[in-house]
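Data first, discussion second: the structure below is written as structure tokens.
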Amino acid sequence: MAASLWFSIDDNKGGTTFRAYTELLNAPGFRDSLVLSLELAGVSVAVLLLLLVPAMLAARLGAPKLRPVIEIICSMPLVVPVVALTTGIIGVLRWGPDYLQDTPFFQTIVAVQDPNFPIVLVIAYVLMALPFAYRALDAGLRGVDVVTLVEAARNCGAGWLRAVFTVVLPNLRSGLLNAAVLTVALVLGEFTTASILGFAPFSVWINSNGKSDGQMSVAVSMLSLLIVWLVLLLMSAVGRGRKTARS
């Protein structure tokens, strides 16, 4: 990495230059693609947690026999190659206009492919991140006696929702944060699906704009790593800061 950084700022005259970075930051589409990726990451995290947390808590509290079923379902995306998943998505998107043209669902097929915010990418990212988020949340749940916490809160007069939001979720903060960090890292670094489907989030943009010269291509790689690290460090710092403030 140090050699790559030096190559990206070497001016071949014994000095340094940041031309590759300044041109990259000022290139058309840089901010738009980065904002799009951050928006996709945020929505993917929200959807994933809204799907997983209630299901896993319900299995822990009321239906322990369903835990293996949920685990198998959440692990299935690991055995499906990304290219195969993307091919399946393309097949559905092509099938929709032919068979749903005269139905209200036709506009749904069109809306999920809006290039300004492609919801179809959110669906793909949620599926890809499902195994990793499940493992992170499952590790958090294994370290917390959810049943005892809920029963104690219920005995103190709290309802089910209050018990979950004020007692259980604060004790799952580390698991929730780990699941969010893994999902954000996957979304910011994912290239295959977005490229095949024809959308241009940050990963696709840096690939298409880093081919003009050698220094530019290395600068793109270094900048993408830096941005991902900063986002993940910021998320970790915010999570730890809230934990420290409450303790």
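Each chain in the structure tokens gets a letter, A, B, ..., in the order shown, and its residues are numbered from 1; ligands are numbered from 1 in order too.
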
Leaving out Phe18 in chain A and any residue of its chain fewer than 5 positions from it, which residues lie within 9 Å of it when counting only C-alpha atoms, given as a PyMOL selection string? chain A and resi 8-11+23

Go ahead and dump the residues you just picked, N, CA and C atoms, as a PDB file, in the first residue's frame.
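This is the output file result_34.pdb:
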```pdb
ATOM      1  N   SER A   8       1.319   6.775  -6.814  1.00  0.00           N
ATOM      2  CA  SER A   8       0.226   7.664  -7.208  1.00  0.00           C
ATOM      3  C   SER A   8       0.573   9.139  -7.052  1.00  0.00           C
ATOM      4  N   ILE A   9       1.613   9.461  -6.246  1.00  0.00           N
ATOM      5  CA  ILE A   9       1.977  10.877  -6.041  1.00  0.00           C
ATOM      6  C   ILE A   9       3.360  11.203  -6.598  1.00  0.00           C
ATOM      7  N   ASP A  10       4.046  10.223  -7.189  1.00  0.00           N
ATOM      8  CA  ASP A  10       5.373  10.467  -7.750  1.00  0.00           C
ATOM      9  C   ASP A  10       5.256  11.205  -9.082  1.00  0.00           C
ATOM     10  N   ASP A  11       6.035  12.287  -9.231  1.00  0.00           N
ATOM     11  CA  ASP A  11       5.985  13.053 -10.483  1.00  0.00           C
ATOM     12  C   ASP A  11       7.103  12.688 -11.451  1.00  0.00           C
ATOM     13  N   GLU A  23      -7.632  15.538  -9.831  1.00  0.00           N
ATOM     14  CA  GLU A  23      -8.439  15.273 -11.026  1.00  0.00           C
ATOM     15  C   GLU A  23      -9.551  14.272 -10.728  1.00  0.00           C
TER      16      GLU A  23
END
```

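Near range 90-99 of chain A, within a cut-off of 10 Å and counting only C-alpha atoms, sit the residues Ala84, Leu85, Thr86, Thr87, Asp102, Thr103, Phe105, Phe106, Gln107, Thr108, Ile109, Val110, Val112, Gln113, Val120, Ile196 and Leu197 of chain A, with same-chain residues fewer than 3 positions away left out.
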
Per residue of range 174-225 of chain A within 12 Å of range 42-45 of chain A, which atom pair is closest and at what distance in Å (one decimal), using only C-alpha atoms, listed by chain and increasing number, as JSON lines?
```
{"residue": "A:Leu176", "atom": "CA", "partner": "A:Val45", "partner_atom": "CA", "distance": 9.7}
{"residue": "A:Leu177", "atom": "CA", "partner": "A:Val45", "partner_atom": "CA", "distance": 10.0}
{"residue": "A:Asn178", "atom": "CA", "partner": "A:Val45", "partner_atom": "CA", "distance": 10.9}
{"residue": "A:Ala179", "atom": "CA", "partner": "A:Val45", "partner_atom": "CA", "distance": 8.0}
{"residue": "A:Ala180", "atom": "CA", "partner": "A:Val45", "partner_atom": "CA", "distance": 5.7}
{"residue": "A:Val181", "atom": "CA", "partner": "A:Val45", "partner_atom": "CA", "distance": 8.7}
{"residue": "A:Leu182", "atom": "CA", "partner": "A:Val45", "partner_atom": "CA", "distance": 9.3}
{"residue": "A:Thr183", "atom": "CA", "partner": "A:Val45", "partner_atom": "CA", "distance": 6.3}
{"residue": "A:Val184", "atom": "CA", "partner": "A:Val45", "partner_atom": "CA", "distance": 7.2}
{"residue": "A:Ala185", "atom": "CA", "partner": "A:Val45", "partner_atom": "CA", "distance": 10.7}
{"residue": "A:Leu186", "atom": "CA", "partner": "A:Ser44", "partner_atom": "CA", "distance": 10.2}
{"residue": "A:Val187", "atom": "CA", "partner": "A:Ser44", "partner_atom": "CA", "distance": 8.1}
{"residue": "A:Leu188", "atom": "CA", "partner": "A:Gly42", "partner_atom": "CA", "distance": 10.6}
```

I'd like to know which of A:Leu149, A:Ala3, A:Ala136, A:Leu130 is closest to Ile70 in chain A, using only C-alpha atoms.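 Ranking A:Leu149, A:Ala3, A:Ala136, A:Leu130 by distance to Ile70 in chain A, first place goes to A:Leu130.
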
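Interatomic distance, CA of Ser221 in chain A to CA of Gly198 in chain A: 21.1 Å.
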
Excluding range 75-81 of chain A and its own-chain neighbours fewer than 6 positions away, which residues fall within 8 Å of it when counting only C-alpha atoms? Please give them as a ChimeraX atom specification. /A:127-128,130-131

Just list as a VMD selection string whatever in range 21-215 of chain A DSSP marks as alpha helix (DSSP H). chain A and resid 21 to 25 30 to 61 67 to 75 82 to 99 105 to 111 119 to 142 146 to 155 160 to 163 169 to 171 173 to 189 192 to 197 202 to 208 214 to 215

Give me, as a list in words, all polymer residues having an atom no more than 10 Å from Tyr134 in chain A, counting only C-alpha atoms and skipping those fewer than 5 positions away in the same chain. Leu48, Leu49, Leu52, Val53, Met56, Ile70, Glu71, Cys74, Ser75, Ala129, Ala139, Gly140, Gly175, Leu176 and Ala179 of chain A

Would you output that residue set with N, CA, C and O atoms, as an mmCIF file, in the first residue's frame?
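result21.cif written:
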```cif
data_model
loop_
_atom_site.group_PDB
_atom_site.id
_atom_site.type_symbol
_atom_site.label_atom_id
_atom_site.label_comp_id
_atom_site.auth_asym_id
_atom_site.auth_seq_id
_atom_site.Cartn_x
_atom_site.Cartn_y
_atom_site.Cartn_z
ATOM 1 N N LEU A 48 -32.376 -4.732 6.196
ATOM 2 C CA LEU A 48 -31.836 -5.982 6.730
ATOM 3 C C LEU A 48 -32.148 -6.136 8.213
ATOM 4 O O LEU A 48 -32.581 -7.206 8.671
ATOM 5 N N LEU A 49 -31.958 -5.068 8.977
ATOM 6 C CA LEU A 49 -32.236 -5.144 10.415
ATOM 7 C C LEU A 49 -33.733 -5.283 10.689
ATOM 8 O O LEU A 49 -34.139 -5.997 11.616
ATOM 9 N N LEU A 52 -34.370 -9.045 9.968
ATOM 10 C CA LEU A 52 -33.706 -10.041 10.799
ATOM 11 C C LEU A 52 -34.034 -9.937 12.279
ATOM 12 O O LEU A 52 -34.315 -10.941 12.934
ATOM 13 N N VAL A 53 -33.973 -8.720 12.820
ATOM 14 C CA VAL A 53 -34.115 -8.567 14.270
ATOM 15 C C VAL A 53 -35.463 -9.088 14.771
ATOM 16 O O VAL A 53 -35.503 -9.892 15.719
ATOM 17 N N MET A 56 -35.502 -13.007 14.453
ATOM 18 C CA MET A 56 -34.616 -13.702 15.386
ATOM 19 C C MET A 56 -35.104 -13.577 16.827
ATOM 20 O O MET A 56 -35.016 -14.523 17.617
ATOM 21 N N ILE A 70 -34.462 -20.539 10.290
ATOM 22 C CA ILE A 70 -34.013 -19.178 9.970
ATOM 23 C C ILE A 70 -32.532 -19.181 9.601
ATOM 24 O O ILE A 70 -32.112 -18.501 8.663
ATOM 25 N N GLU A 71 -31.751 -19.973 10.314
ATOM 26 C CA GLU A 71 -30.317 -20.038 10.021
ATOM 27 C C GLU A 71 -30.060 -20.587 8.622
ATOM 28 O O GLU A 71 -29.214 -20.080 7.882
ATOM 29 N N CYS A 74 -31.058 -17.954 6.014
ATOM 30 C CA CYS A 74 -30.107 -16.839 5.962
ATOM 31 C C CYS A 74 -28.755 -17.253 5.390
ATOM 32 O O CYS A 74 -28.005 -16.400 4.907
ATOM 33 N N SER A 75 -28.442 -18.549 5.447
ATOM 34 C CA SER A 75 -27.148 -19.022 4.930
ATOM 35 C C SER A 75 -27.205 -19.379 3.451
ATOM 36 O O SER A 75 -26.157 -19.554 2.821
ATOM 37 N N ALA A 129 -25.865 -9.733 1.957
ATOM 38 C CA ALA A 129 -25.397 -9.456 3.320
ATOM 39 C C ALA A 129 -26.114 -10.292 4.362
ATOM 40 O O ALA A 129 -25.705 -10.284 5.540
ATOM 41 N N ALA A 139 -24.455 -13.914 17.171
ATOM 42 C CA ALA A 139 -23.408 -13.842 18.196
ATOM 43 C C ALA A 139 -23.817 -12.906 19.326
ATOM 44 O O ALA A 139 -23.568 -13.187 20.500
ATOM 45 N N GLY A 140 -24.458 -11.781 18.973
ATOM 46 C CA GLY A 140 -24.935 -10.872 20.005
ATOM 47 C C GLY A 140 -26.027 -11.480 20.854
ATOM 48 O O GLY A 140 -26.055 -11.307 22.082
ATOM 49 N N GLY A 175 -23.944 -6.273 18.481
ATOM 50 C CA GLY A 175 -24.354 -7.124 17.370
ATOM 51 C C GLY A 175 -24.978 -6.333 16.235
ATOM 52 O O GLY A 175 -24.714 -6.592 15.061
ATOM 53 N N LEU A 176 -25.820 -5.346 16.580
ATOM 54 C CA LEU A 176 -26.437 -4.496 15.561
ATOM 55 C C LEU A 176 -25.377 -3.693 14.818
ATOM 56 O O LEU A 176 -25.432 -3.549 13.585
ATOM 57 N N ALA A 179 -23.388 -5.982 12.464
ATOM 58 C CA ALA A 179 -24.179 -6.305 11.272
ATOM 59 C C ALA A 179 -24.228 -5.123 10.315
ATOM 60 O O ALA A 179 -24.105 -5.288 9.093
#
```

Residue contacts of Val35 in chain A (9 Å, only C-alpha atoms) excluding same-chain residues fewer than 5 positions away, as a list in words: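 Residues meeting the cut-off are Phe30, Leu40, Pro201 and Phe202 of chain A.
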
As a check of understanding: the span from CA of Ala27 in chain A to CA of Leu232 in chain A is 24.3 Å

Residue nearest Val220 in chain A - candidates A:Thr148, A:Ser174, A:Ser203, A:Gln101, atoms counted: only C-alpha atoms: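 Among the listed residues, A:Ser203 lies closest to Val220 in chain A.
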
From CA of Pro104 in chain A to CA of Leu36 in chain A the spacing works out at 27.5 Å

Would you mind telling me which residue in A:Ala200, A:Leu61, A:Ala219, A:Pro170 lies nearest to Pro118 in chain A when using only C-alpha atoms? A:Ala200

From the list A:Val168, A:Ala2, A:Leu66, A:Leu25, the nearest residue to Leu223 in chain A using only C-alpha atoms is A:Leu25

From the set A:Asn209, A:Lys65, A:Thr193, A:Arg60, which residue has the shortest atom-to-atom contact distance to Asp145 in chain A, counting only C-alpha atoms?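 Result for the nearest residue to Asp145 in chain A: A:Arg60.
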
Shortest contact to Ala124 in chain A, candidates A:Gly143, A:Pro28, A:Gly88, A:Gly14, atoms counted only C-alpha atoms, goes to A:Gly88
